[in-house]
Amino acid sequence: MEREHQIIKLSNMFSVLGDETRLSIVYFLKNGDANVTQIAKGLGISQSLVSHQLKTLRDMLIVKSRRDGKQVIYSLDDEHVFILIETALEHIKH
């Protein structure tokens with residue numbers, strides 16, 4: 001992947017994670033898989049807002065989904081995203 005393309009993708013990822021609601025969803029999913037209802041209840045926000053933000057997170061390959069009967073269960077796509085967030089958190093605490 002050429003450097004310019006990498007920078008664009010990285011910038012897009014930081015932009016997506018720069019949203020408070022999306023970042024809260026990522027933190028929530030760090031504790032385990034959940035459906036939209038569980039995320040909405042846990043964060044105290046509407047299910048429609050959660051669904052909308054999950055689509056953005058899925059599009060950026062930050063979260064993934066799987067079907068369990070009639071429910072869709074969401075989880076972090078991999079641990080790299082949370083490592084990035086934890087590193088940034090350590091930086092702001094410094």
# chains A, B, ... in the order shown; residues from 1 in each chain; ligands from 1

$ select_by_dssp --residues "chain A" --states "strand (DSSP E)" --output "list of chain:residue names"
A:Val63, A:Lys64, A:Ser65, A:Arg66, A:Arg67, A:Asp68, A:Gln71, A:Val72, A:Ile73, A:Tyr74, A:Ser75, A:Leu76

$ write_last_selection --atoms "C-alpha atoms" --output "PDB file, in the first residue's frame"
ATOM      1  CA  VAL A  63     -16.428  -3.793  14.571  1.00  0.00           C
ATOM      2  CA  LYS A  64     -17.858  -6.929  13.021  1.00  0.00           C
ATOM      3  CA  SER A  65     -21.252  -8.562  13.281  1.00  0.00           C
ATOM      4  CA  ARG A  66     -22.676 -12.049  13.316  1.00  0.00           C
ATOM      5  CA  ARG A  67     -26.230 -13.321  13.358  1.00  0.00           C
ATOM      6  CA  ASP A  68     -27.487 -15.307  16.342  1.00  0.00           C
ATOM      7  CA  GLN A  71     -30.363 -10.940  16.716  1.00  0.00           C
ATOM      8  CA  VAL A  72     -27.212  -9.381  15.314  1.00  0.00           C
ATOM      9  CA  ILE A  73     -24.301  -9.509  17.732  1.00  0.00           C
ATOM     10  CA  TYR A  74     -21.461  -7.007  17.458  1.00  0.00           C
ATOM     11  CA  SER A  75     -17.851  -7.337  18.560  1.00  0.00           C
ATOM     12  CA  LEU A  76     -14.543  -5.600  17.986  1.00  0.00           C
TER      13      LEU A  76
END

$ residues_around --residues "Asp77 of chain A" --least-positions-apart "6" --cutoff "12 Å" --atoms "only C-alpha atoms" --output "JSON, numbers by chain"
{"A": [26, 29, 30, 32, 33, 54, 57, 58, 59, 60, 61, 62, 63, 64, 65, 66]}

$ residues_around --residues "Val16 of chain A" --least-positions-apart "2" --cutoff "8 Å" --atoms "only C-alpha atoms" --output "number ranges by chain"
A: 12-14, 18-19, 22, 56-57, 60

$ decode --residues "segment 41-59 of chain A" --atoms "N, CA and C atoms" --output "short mmCIF file (atom, residue, chain, number, x, y, z; two decimals), in the first residue's frame"
data_model
loop_
_atom_site.label_atom_id
_atom_site.label_comp_id
_atom_site.auth_asym_id
_atom_site.auth_seq_id
_atom_site.Cartn_x
_atom_site.Cartn_y
_atom_site.Cartn_z
N LYS A 41 -28.80 0.41 25.83
CA LYS A 41 -29.13 0.46 27.27
C LYS A 41 -27.88 0.77 28.09
N GLY A 42 -26.77 0.12 27.76
CA GLY A 42 -25.53 0.33 28.51
C GLY A 42 -24.99 1.75 28.39
N LEU A 43 -25.21 2.37 27.24
CA LEU A 43 -24.70 3.73 27.03
C LEU A 43 -25.75 4.81 27.26
N GLY A 44 -27.01 4.40 27.44
CA GLY A 44 -28.07 5.37 27.67
C GLY A 44 -28.39 6.22 26.44
N ILE A 45 -28.32 5.59 25.26
CA ILE A 45 -28.64 6.30 24.02
C ILE A 45 -29.64 5.47 23.21
N SER A 46 -30.20 6.06 22.19
CA SER A 46 -31.24 5.38 21.42
C SER A 46 -30.66 4.25 20.56
N GLN A 47 -31.50 3.26 20.30
CA GLN A 47 -31.10 2.15 19.45
C GLN A 47 -30.81 2.61 18.03
N SER A 48 -31.57 3.59 17.55
CA SER A 48 -31.34 4.07 16.18
C SER A 48 -29.98 4.75 16.07
N LEU A 49 -29.58 5.49 17.10
CA LEU A 49 -28.26 6.12 17.09
C LEU A 49 -27.16 5.05 17.12
N VAL A 50 -27.34 4.04 17.94
CA VAL A 50 -26.36 2.95 18.02
C VAL A 50 -26.25 2.26 16.66
N SER A 51 -27.38 1.93 16.06
CA SER A 51 -27.37 1.25 14.76
C SER A 51 -26.65 2.08 13.71
N HIS A 52 -26.93 3.36 13.68
CA HIS A 52 -26.29 4.25 12.71
C HIS A 52 -24.77 4.28 12.91
N GLN A 53 -24.34 4.39 14.16
CA GLN A 53 -22.91 4.46 14.45
C GLN A 53 -22.23 3.11 14.20
N LEU A 54 -22.92 2.02 14.46
CA LEU A 54 -22.35 0.70 14.20
C LEU A 54 -22.09 0.49 12.71
N LYS A 55 -22.95 1.03 11.87
CA LYS A 55 -22.72 0.90 10.43
C LYS A 55 -21.41 1.56 10.05
N THR A 56 -21.16 2.75 10.58
CA THR A 56 -19.91 3.45 10.29
C THR A 56 -18.72 2.64 10.81
N LEU A 57 -18.84 2.11 12.02
CA LEU A 57 -17.76 1.31 12.60
C LEU A 57 -17.52 0.03 11.80
N ARG A 58 -18.59 -0.58 11.30
CA ARG A 58 -18.45 -1.78 10.46
C ARG A 58 -17.77 -1.44 9.14
N ASP A 59 -18.19 -0.34 8.54
CA ASP A 59 -17.61 0.08 7.26
C ASP A 59 -16.11 0.31 7.37
#
